[in-house]
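One structure below.
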Amino acid sequence: MHAYTTRVLIVGSGPAGLATAFTLMQAGHETLIVERDVFAAGVAGWPIYMKLFSTTELVELCDFPLAIPDEKPTRQQYLRYLERFATHAGLEIKTHHEVTGLEGADGAFRATGRTRLGEPFAVACEKVILATGAYDHPNPLGVPGADLPKVSHYYTEVNAYFGKKVLIVGGRHSAAETALELCRAGVEVTICHRRATFDNLKYWIGPDLDNRIKEGRVGTIMPAHVSEIRPHSVVIEHERVGRTEIENDAVLALTGYHPNPTFLRALGLEVDAERRQPVFDSKTFESTRPGVYLAGVMLAGNISGAIFIENSRFHGRRILDHLRRAAPAGSASESR
């Protein structure tokens, strides 16, 4: 049994978790970050050649400079930045530690779980902050064939799709960017989207995609939805044309993500079933379980685009303010 003790346990090593840990440490709070996967797993899972939408100053954490020659960082540059930030801040991080249970009450919690090797661990702490993100739980298609090997909710790079007929399901930024990258590599790609238009694409993406569609390099079936996925085809219901079946080798279901409600409920937290959103105090970020806080994109539930690095990097300040207000008079936490 691995046993750890800290004042504040932070679950998740993405940008929100790292920034929150540093913010609390600067105020004198001892912190420990545990991560079920690799360091910054959410960022590590982005497409390999992805470039962030935001400029460097909007994704910097706690005034730690992101020094790169370009205006916007790539996935690789941002991962290196997060590693430098964690090292510079002296954050204590345990990767491959998955929390599965939480006992006790505010001020005297005991989080339990297992390492990647199956070894049990426990963390004694006063407060818990969940910053686990949402990217490991995609919104399901809910149609026959959605579990076929050719279906994926994650896009990594072109090579896996070269020479194939690819259907992208979705109409937001990830779907548009993926379609553009695939078509530039000569991949036959079609987008299926429930709406007649795309969803508020960035100003440099929308015109690019429109031009590729006009050229015939990106096909579209809109407004429509997938009704069945077969080994060598996909059945689509078009609102105007009706039912159609197209040849297909791969489906990229880029339909968004949501926090893991099973995990949240296992820790004693209330979850809005429809929005798949943890219930929390919007002023303090405290959950329905006193002493357990939330930070990062998991706060948005399935409301895609509501929370991202630009605003979640400041969530630690809100939590710190509440910890200060809630501290008993004369306590060490109050004086910090």
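Please note that chains go A, B, ... in the order of the structure tokens, that every chain numbers its residues from 1, and that ligands are numbered from 1 in the order shown.
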
| Neighbours of Pro47 (chain A) within 12 Å (only C-alpha atoms; same-chain residues fewer than 6 positions away dropped), as a PyMOL selection string? | chain A and resi 74-76+153-159+174-175+177-178+181

May I have the residues within 9 Å of region 115-125 of chain A as a compact mmCIF listing (two decimals) with N, CA and C atoms, in the first residue's frame, using only C-alpha atoms and disregarding those fewer than 3 positions away in the same chain?
# COMPACT_ATOMS: atom_id res chain seq x y z
N MET A 1 0.84 -1.19 0.00
CA MET A 1 0.00 0.00 0.00
C MET A 1 0.88 1.25 0.00
N HIS A 2 0.69 2.10 -1.00
CA HIS A 2 1.38 3.40 -1.03
C HIS A 2 0.52 4.40 -0.26
N ALA A 3 1.11 5.08 0.70
CA ALA A 3 0.36 6.04 1.52
C ALA A 3 0.98 7.42 1.40
N TYR A 4 0.12 8.41 1.12
CA TYR A 4 0.57 9.79 0.98
C TYR A 4 -0.28 10.68 1.89
N THR A 5 0.31 11.81 2.28
CA THR A 5 -0.41 12.79 3.08
C THR A 5 -0.18 14.18 2.50
N THR A 6 -1.24 14.95 2.37
CA THR A 6 -1.13 16.32 1.85
C THR A 6 -2.32 17.12 2.37
N ARG A 7 -2.23 18.43 2.28
CA ARG A 7 -3.41 19.24 2.66
C ARG A 7 -4.45 19.21 1.56
N VAL A 8 -4.01 19.43 0.30
CA VAL A 8 -4.95 19.48 -0.82
C VAL A 8 -4.54 18.44 -1.87
N LEU A 9 -5.47 17.55 -2.16
CA LEU A 9 -5.25 16.57 -3.22
C LEU A 9 -5.91 17.08 -4.50
N ARG A 36 -4.33 9.64 -13.43
CA ARG A 36 -4.58 8.23 -13.76
C ARG A 36 -3.77 7.76 -14.95
N ASP A 37 -3.31 8.69 -15.80
CA ASP A 37 -2.63 8.33 -17.05
C ASP A 37 -1.26 9.00 -17.06
N THR A 95 1.95 10.16 -11.46
CA THR A 95 1.21 9.68 -12.64
C THR A 95 0.84 8.22 -12.47
N HIS A 96 -0.10 7.76 -13.29
CA HIS A 96 -0.58 6.37 -13.27
C HIS A 96 -1.10 5.99 -11.88
N HIS A 97 -1.77 6.95 -11.23
CA HIS A 97 -2.46 6.73 -9.96
C HIS A 97 -3.93 7.09 -10.18
N GLU A 98 -4.79 6.08 -10.25
CA GLU A 98 -6.21 6.31 -10.51
C GLU A 98 -7.01 6.28 -9.22
N VAL A 99 -7.66 7.39 -8.90
CA VAL A 99 -8.52 7.48 -7.72
C VAL A 99 -9.85 6.79 -8.04
N GLY A 107 -12.11 18.19 5.61
CA GLY A 107 -11.07 18.32 6.63
C GLY A 107 -10.37 17.02 6.95
N ALA A 108 -10.99 15.90 6.60
CA ALA A 108 -10.38 14.59 6.92
C ALA A 108 -10.80 13.56 5.88
N PHE A 109 -10.34 13.75 4.64
CA PHE A 109 -10.65 12.83 3.55
C PHE A 109 -9.59 11.75 3.44
N ARG A 110 -9.99 10.65 2.84
CA ARG A 110 -9.05 9.58 2.49
C ARG A 110 -9.42 9.08 1.10
N ALA A 111 -8.62 9.47 0.11
CA ALA A 111 -8.83 9.04 -1.27
C ALA A 111 -8.08 7.73 -1.50
N THR A 112 -8.72 6.81 -2.19
CA THR A 112 -8.09 5.51 -2.44
C THR A 112 -8.12 5.19 -3.93
N VAL A 128 -10.15 18.22 -1.50
CA VAL A 128 -9.95 17.52 -2.77
C VAL A 128 -10.42 18.42 -3.90

| said: Restricting the calculation to only C-alpha atoms: of A:Thr262, A:Asn139, A:Ser233, A:Gln26, which residue gets closest to Ala250 (chain A)? | reply: A:Ser233

| Of the candidates A:Ala41, A:Val234, A:Leu182, A:Met25, which one gets nearest to Asp136 (chain A) if we count only C-alpha atoms? | A:Ala41

Looking only at the backbone, which of the residues in region 4-137 of chain A does DSSP tag as alpha helix (DSSP H), as a compact mmCIF listing (two decimals) with C-alpha atoms, in the first residue's frame?
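Once written, result10.txt looks like this:
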# COMPACT_ATOMS: atom_id res chain seq x y z
CA PRO A 15 -3.50 22.87 -17.34
CA ALA A 16 -6.31 23.55 -14.83
CA GLY A 17 -4.93 21.11 -12.28
CA LEU A 18 -1.38 22.42 -12.63
CA ALA A 19 -2.40 26.08 -12.38
CA THR A 20 -4.62 25.36 -9.38
CA ALA A 21 -1.83 23.49 -7.60
CA PHE A 22 0.62 26.34 -8.16
CA THR A 23 -1.91 28.97 -7.03
CA LEU A 24 -2.57 27.11 -3.78
CA MET A 25 1.13 26.42 -3.19
CA GLN A 26 1.91 30.12 -3.55
CA ALA A 41 -2.98 13.21 -20.59
CA GLY A 42 -5.72 15.39 -22.09
CA VAL A 43 -3.22 17.54 -23.97
CA ALA A 44 -1.11 14.51 -24.89
CA THR A 56 0.58 32.16 -26.18
CA GLU A 57 -0.39 34.82 -23.64
CA LEU A 58 -3.89 33.34 -23.33
CA VAL A 59 -2.70 29.86 -22.37
CA ARG A 75 0.58 20.45 -29.18
CA GLN A 76 4.24 19.49 -28.80
CA GLN A 77 5.28 22.99 -27.72
CA TYR A 78 2.49 23.21 -25.18
CA LEU A 79 3.32 19.81 -23.69
CA ARG A 80 6.94 20.87 -23.26
CA TYR A 81 5.71 24.10 -21.68
CA LEU A 82 3.56 22.26 -19.16
CA GLU A 83 6.49 20.03 -18.25
CA ARG A 84 8.71 23.09 -17.69
CA PHE A 85 5.97 24.76 -15.66
CA ALA A 86 5.53 21.74 -13.37
CA THR A 87 9.30 21.44 -12.87
CA HIS A 88 9.77 25.17 -12.25
CA ALA A 89 6.90 25.24 -9.76

| request: Find the residues near Gly301 (chain A): any atom within 9 Å, counting only C-alpha atoms, skip ones fewer than 4 places away on the same chain, and give them as number ranges by chain. | output: A: 134, 257-259, 272, 275-278, 297

| request: Run DSSP on the backbone and grab whatever in region 215-252 of chain A lands in strand (DSSP E or B); send it over as an MDAnalysis selection string. | output: chainID A and resid 218:221 224:230 233:238 242:247 250:252

| request: Rounded to one decimal place, report the CA of Ile319 (chain A)-CA of Leu294 (chain A) distance in Å. | output: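 So the two atoms, CA of Ile319 (chain A) and CA of Leu294 (chain A), lie 8.6 Å apart.
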
| query | Taking into account only C-alpha atoms, which residue in the set A:Val226, A:Val189, A:Ala176, A:Ala67 is nearest to Leu209 (chain A)? | reply | A:Ala176

As a compact mmCIF listing (two decimals) with C-alpha atoms, in the first residue's frame, please: the residues near Gly296 (chain A) (cut-off 10 Å, only C-alpha atoms, same-chain neighbours under 2 positions excluded).
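The result, written out as out_19.txt:
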# COMPACT_ATOMS: atom_id res chain seq x y z
CA GLY A 12 -5.74 15.53 -12.83
CA GLY A 14 -3.85 19.08 -17.11
CA PRO A 15 -3.50 22.87 -17.34
CA ALA A 16 -6.31 23.55 -14.83
CA GLY A 17 -4.93 21.11 -12.28
CA ALA A 19 -2.40 26.08 -12.38
CA THR A 20 -4.62 25.36 -9.38
CA LEU A 130 -11.11 17.30 -9.20
CA ALA A 131 -9.59 18.53 -12.47
CA THR A 132 -9.95 15.36 -14.49
CA GLY A 133 -11.15 16.96 -17.73
CA ALA A 134 -13.66 15.30 -20.02
CA LEU A 294 -14.03 21.15 -9.31
CA MET A 298 -15.19 19.11 -16.49
CA LEU A 299 -17.31 21.96 -15.11
CA ALA A 300 -19.00 22.39 -18.50
CA ILE A 307 -14.73 26.18 -20.66
CA PHE A 308 -11.21 25.89 -22.05
CA ILE A 309 -7.63 26.66 -21.08
CA ASN A 311 -10.54 30.63 -18.54
CA SER A 312 -9.94 27.43 -16.56
CA ARG A 313 -6.35 28.46 -15.81
CA PHE A 314 -7.86 30.92 -13.28
CA HIS A 315 -10.15 28.47 -11.47
CA GLY A 316 -7.60 27.98 -8.69

| request: Pick out the closest residue to Arg325 (chain A) from this set: A:Thr284, A:Cys62, A:Asn302, A:Trp204. Count only C-alpha atoms. | output: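 The answer is A:Thr284, which sits nearest to Arg325 (chain A).
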
Could you list, as a PDB file with C-alpha atoms, in the first residue's frame, every residue within 12 Å of Ile213 (chain A), counting only C-alpha atoms and ignoring same-chain residues fewer than 2 positions away?
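Output (result-v3.pdb):
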ATOM      1  CA  ALA A 176     -13.476  21.101 -39.551  1.00  0.00           C
ATOM      2  CA  ALA A 179     -11.409  17.414 -42.553  1.00  0.00           C
ATOM      3  CA  LEU A 180      -8.976  20.053 -43.805  1.00  0.00           C
ATOM      4  CA  CYS A 183      -8.215  16.476 -47.636  1.00  0.00           C
ATOM      5  CA  GLU A 188     -11.482  11.179 -49.510  1.00  0.00           C
ATOM      6  CA  VAL A 189     -13.385  12.825 -46.643  1.00  0.00           C
ATOM      7  CA  THR A 190     -17.059  13.637 -46.069  1.00  0.00           C
ATOM      8  CA  ILE A 191     -18.652  15.537 -43.170  1.00  0.00           C
ATOM      9  CA  GLY A 206     -14.543  28.699 -41.873  1.00  0.00           C
ATOM     10  CA  PRO A 207     -13.492  30.247 -45.225  1.00  0.00           C
ATOM     11  CA  ASP A 208     -10.835  27.574 -45.735  1.00  0.00           C
ATOM     12  CA  LEU A 209     -13.368  24.792 -45.257  1.00  0.00           C
ATOM     13  CA  ASP A 210     -15.950  26.556 -47.462  1.00  0.00           C
ATOM     14  CA  ASN A 211     -13.420  26.764 -50.293  1.00  0.00           C
ATOM     15  CA  GLU A 215     -13.703  22.621 -54.877  1.00  0.00           C
ATOM     16  CA  GLY A 216     -15.207  19.220 -54.127  1.00  0.00           C
ATOM     17  CA  ARG A 217     -12.288  18.153 -51.966  1.00  0.00           C
ATOM     18  CA  VAL A 218     -14.489  17.853 -48.862  1.00  0.00           C
ATOM     19  CA  GLY A 219     -17.949  16.344 -49.191  1.00  0.00           C
ATOM     20  CA  THR A 220     -20.850  17.300 -46.924  1.00  0.00           C
ATOM     21  CA  ILE A 221     -24.146  15.671 -45.987  1.00  0.00           C
TER      22      ILE A 221
END

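Here CA of Leu323 (chain A) is placed at a distance of 20.6 Å from CA of Leu61 (chain A).
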
| said: Calculated over only C-alpha atoms, which of the candidates A:Ile10, A:Pro223, A:Ile229, A:Gly113 has the smallest distance to Glu245 (chain A)? | reply: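 Result for the nearest residue to Glu245 (chain A): A:Ile229.
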
| task | Considering only C-alpha atoms, state which residue in the set A:Asp281, A:Asp249, A:Glu30, A:Glu310 is at the smallest distance from Ile168 (chain A). | result |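 Using only C-alpha atoms, Ile168 (chain A) sits closest to A:Asp249.
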
| Residues near Glu92 (chain A), cut-off 9 Å, only C-alpha atoms, skip fewer than 5 positions along chain, as a list of chain:residue names | A:Thr31, A:Leu32, A:Ile33, A:Val34, A:Ala86
